[in-house]
Amino acid sequence: HSVCVWGLVGILMPLTKITEVNSIFYPTLGVIVLAGIIMAARLEAGAHNPREVMWGAVLGLASGVSGMLLLFQN
């Protein structure tokens, strides 16, 4: 779950930087808040431990940003 939602954050963050108008700034903030809620829910449910949740966030963010860098490479 963390990989998926943080992958979306990794896609939206560079798009927010690229766009002239900050039209996706607030949706990006919303997804970050949603990511925190999802991570907290997985911990509260006992489905994952903190290390698994954190590694999911790191891998998701890294893959999202890496994908965007490859996509918008000159």
# chains A, B, ... in the order shown; residues from 1 in each chain; ligands from 1
$ residues_around --residues "range 16-28 of chain A" --least-positions-apart "6" --cutoff "12 Å" --atoms "only C-alpha atoms" --output "list of chain:residue names"
A:Val5, A:Trp6, A:Gly7, A:Leu8, A:Val9, A:Gly10, A:Leu34, A:Ala35, A:Val65, A:Met68, A:Leu69, A:Phe72
$ select_by_dssp --residues "chain A" --states "helix (DSSP H, G or I)" --output "VMD selection string"
chain A and resid 2 to 18 25 to 45 50 to 71
$ residues_around --residues "Ala40 in chain A" --least-positions-apart "3" --cutoff "12 Å" --atoms "only C-alpha atoms" --output "ChimeraX atom specification"
/A:1-2,33-37,43-50,53-54
$ residues_around --residues "Ser66 in chain A" --least-positions-apart "4" --cutoff "10 Å" --atoms "only C-alpha atoms" --output "PyMOL selection string"
chain A and resi 7+10-11+60-62+70-71
$ write_last_selection --atoms "C-alpha atoms" --output "PDB file, in the first residue's frame"
ATOM      1  CA  GLY A   7       4.716   6.125  -6.052  1.00  0.00           C
ATOM      2  CA  GLY A  10       6.706  10.571  -6.590  1.00  0.00           C
ATOM      3  CA  ILE A  11       4.843  11.230  -9.831  1.00  0.00           C
ATOM      4  CA  GLY A  60       7.469   3.922  -3.912  1.00  0.00           C
ATOM      5  CA  LEU A  61       8.815   7.467  -3.821  1.00  0.00           C
ATOM      6  CA  ALA A  62      12.079   6.419  -5.480  1.00  0.00           C
ATOM      7  CA  LEU A  70      13.221   8.916 -17.237  1.00  0.00           C
ATOM      8  CA  LEU A  71      10.026  10.179 -18.846  1.00  0.00           C
TER       9      LEU A  71
END
$ atom_distance --atom1 "CA of Val58 in chain A" --atom2 "CA of Ile38 in chain A"
14.6 Å
$ atom_distance --atom1 "CA of Ala57 in chain A" --atom2 "CA of Ile32 in chain A"
10.8 Å
$ decode --residues "range 3-14 of chain A" --atoms "N, CA and C atoms" --output "PDB file, in the first residue's frame"
ATOM      1  N   VAL A   3       3.925   1.522  -1.111  1.00  0.00           N
ATOM      2  CA  VAL A   3       4.617   1.645  -2.400  1.00  0.00           C
ATOM      3  C   VAL A   3       3.722   2.340  -3.417  1.00  0.00           C
ATOM      4  N   CYS A   4       2.477   1.942  -3.457  1.00  0.00           N
ATOM      5  CA  CYS A   4       1.545   2.502  -4.432  1.00  0.00           C
ATOM      6  C   CYS A   4       1.294   3.988  -4.185  1.00  0.00           C
ATOM      7  N   VAL A   5       0.930   4.342  -2.981  1.00  0.00           N
ATOM      8  CA  VAL A   5       0.562   5.730  -2.715  1.00  0.00           C
ATOM      9  C   VAL A   5       1.782   6.653  -2.769  1.00  0.00           C
ATOM     10  N   TRP A   6       2.930   6.185  -2.312  1.00  0.00           N
ATOM     11  CA  TRP A   6       4.123   7.025  -2.404  1.00  0.00           C
ATOM     12  C   TRP A   6       4.676   7.069  -3.824  1.00  0.00           C
ATOM     13  N   GLY A   7       4.390   6.046  -4.630  1.00  0.00           N
ATOM     14  CA  GLY A   7       4.716   6.125  -6.052  1.00  0.00           C
ATOM     15  C   GLY A   7       3.929   7.241  -6.718  1.00  0.00           C
ATOM     16  N   LEU A   8       2.658   7.382  -6.330  1.00  0.00           N
ATOM     17  CA  LEU A   8       1.843   8.482  -6.848  1.00  0.00           C
ATOM     18  C   LEU A   8       2.392   9.828  -6.397  1.00  0.00           C
ATOM     19  N   VAL A   9       2.830   9.911  -5.162  1.00  0.00           N
ATOM     20  CA  VAL A   9       3.458  11.152  -4.679  1.00  0.00           C
ATOM     21  C   VAL A   9       4.715  11.444  -5.495  1.00  0.00           C
ATOM     22  N   GLY A  10       5.496  10.406  -5.789  1.00  0.00           N
ATOM     23  CA  GLY A  10       6.706  10.571  -6.590  1.00  0.00           C
ATOM     24  C   GLY A  10       6.423  11.019  -8.008  1.00  0.00           C
ATOM     25  N   ILE A  11       5.242  10.748  -8.507  1.00  0.00           N
ATOM     26  CA  ILE A  11       4.843  11.230  -9.831  1.00  0.00           C
ATOM     27  C   ILE A  11       4.337  12.666  -9.745  1.00  0.00           C
ATOM     28  N   LEU A  12       3.546  12.949  -8.728  1.00  0.00           N
ATOM     29  CA  LEU A  12       2.934  14.271  -8.614  1.00  0.00           C
ATOM     30  C   LEU A  12       3.926  15.367  -8.224  1.00  0.00           C
ATOM     31  N   MET A  13       4.912  15.041  -7.409  1.00  0.00           N
ATOM     32  CA  MET A  13       5.859  16.076  -6.977  1.00  0.00           C
ATOM     33  C   MET A  13       6.615  16.715  -8.145  1.00  0.00           C
ATOM     34  N   PRO A  14       7.204  15.945  -9.067  1.00  0.00           N
ATOM     35  CA  PRO A  14       7.853  16.591 -10.212  1.00  0.00           C
ATOM     36  C   PRO A  14       6.856  17.312 -11.122  1.00  0.00           C
TER      37      PRO A  14
END
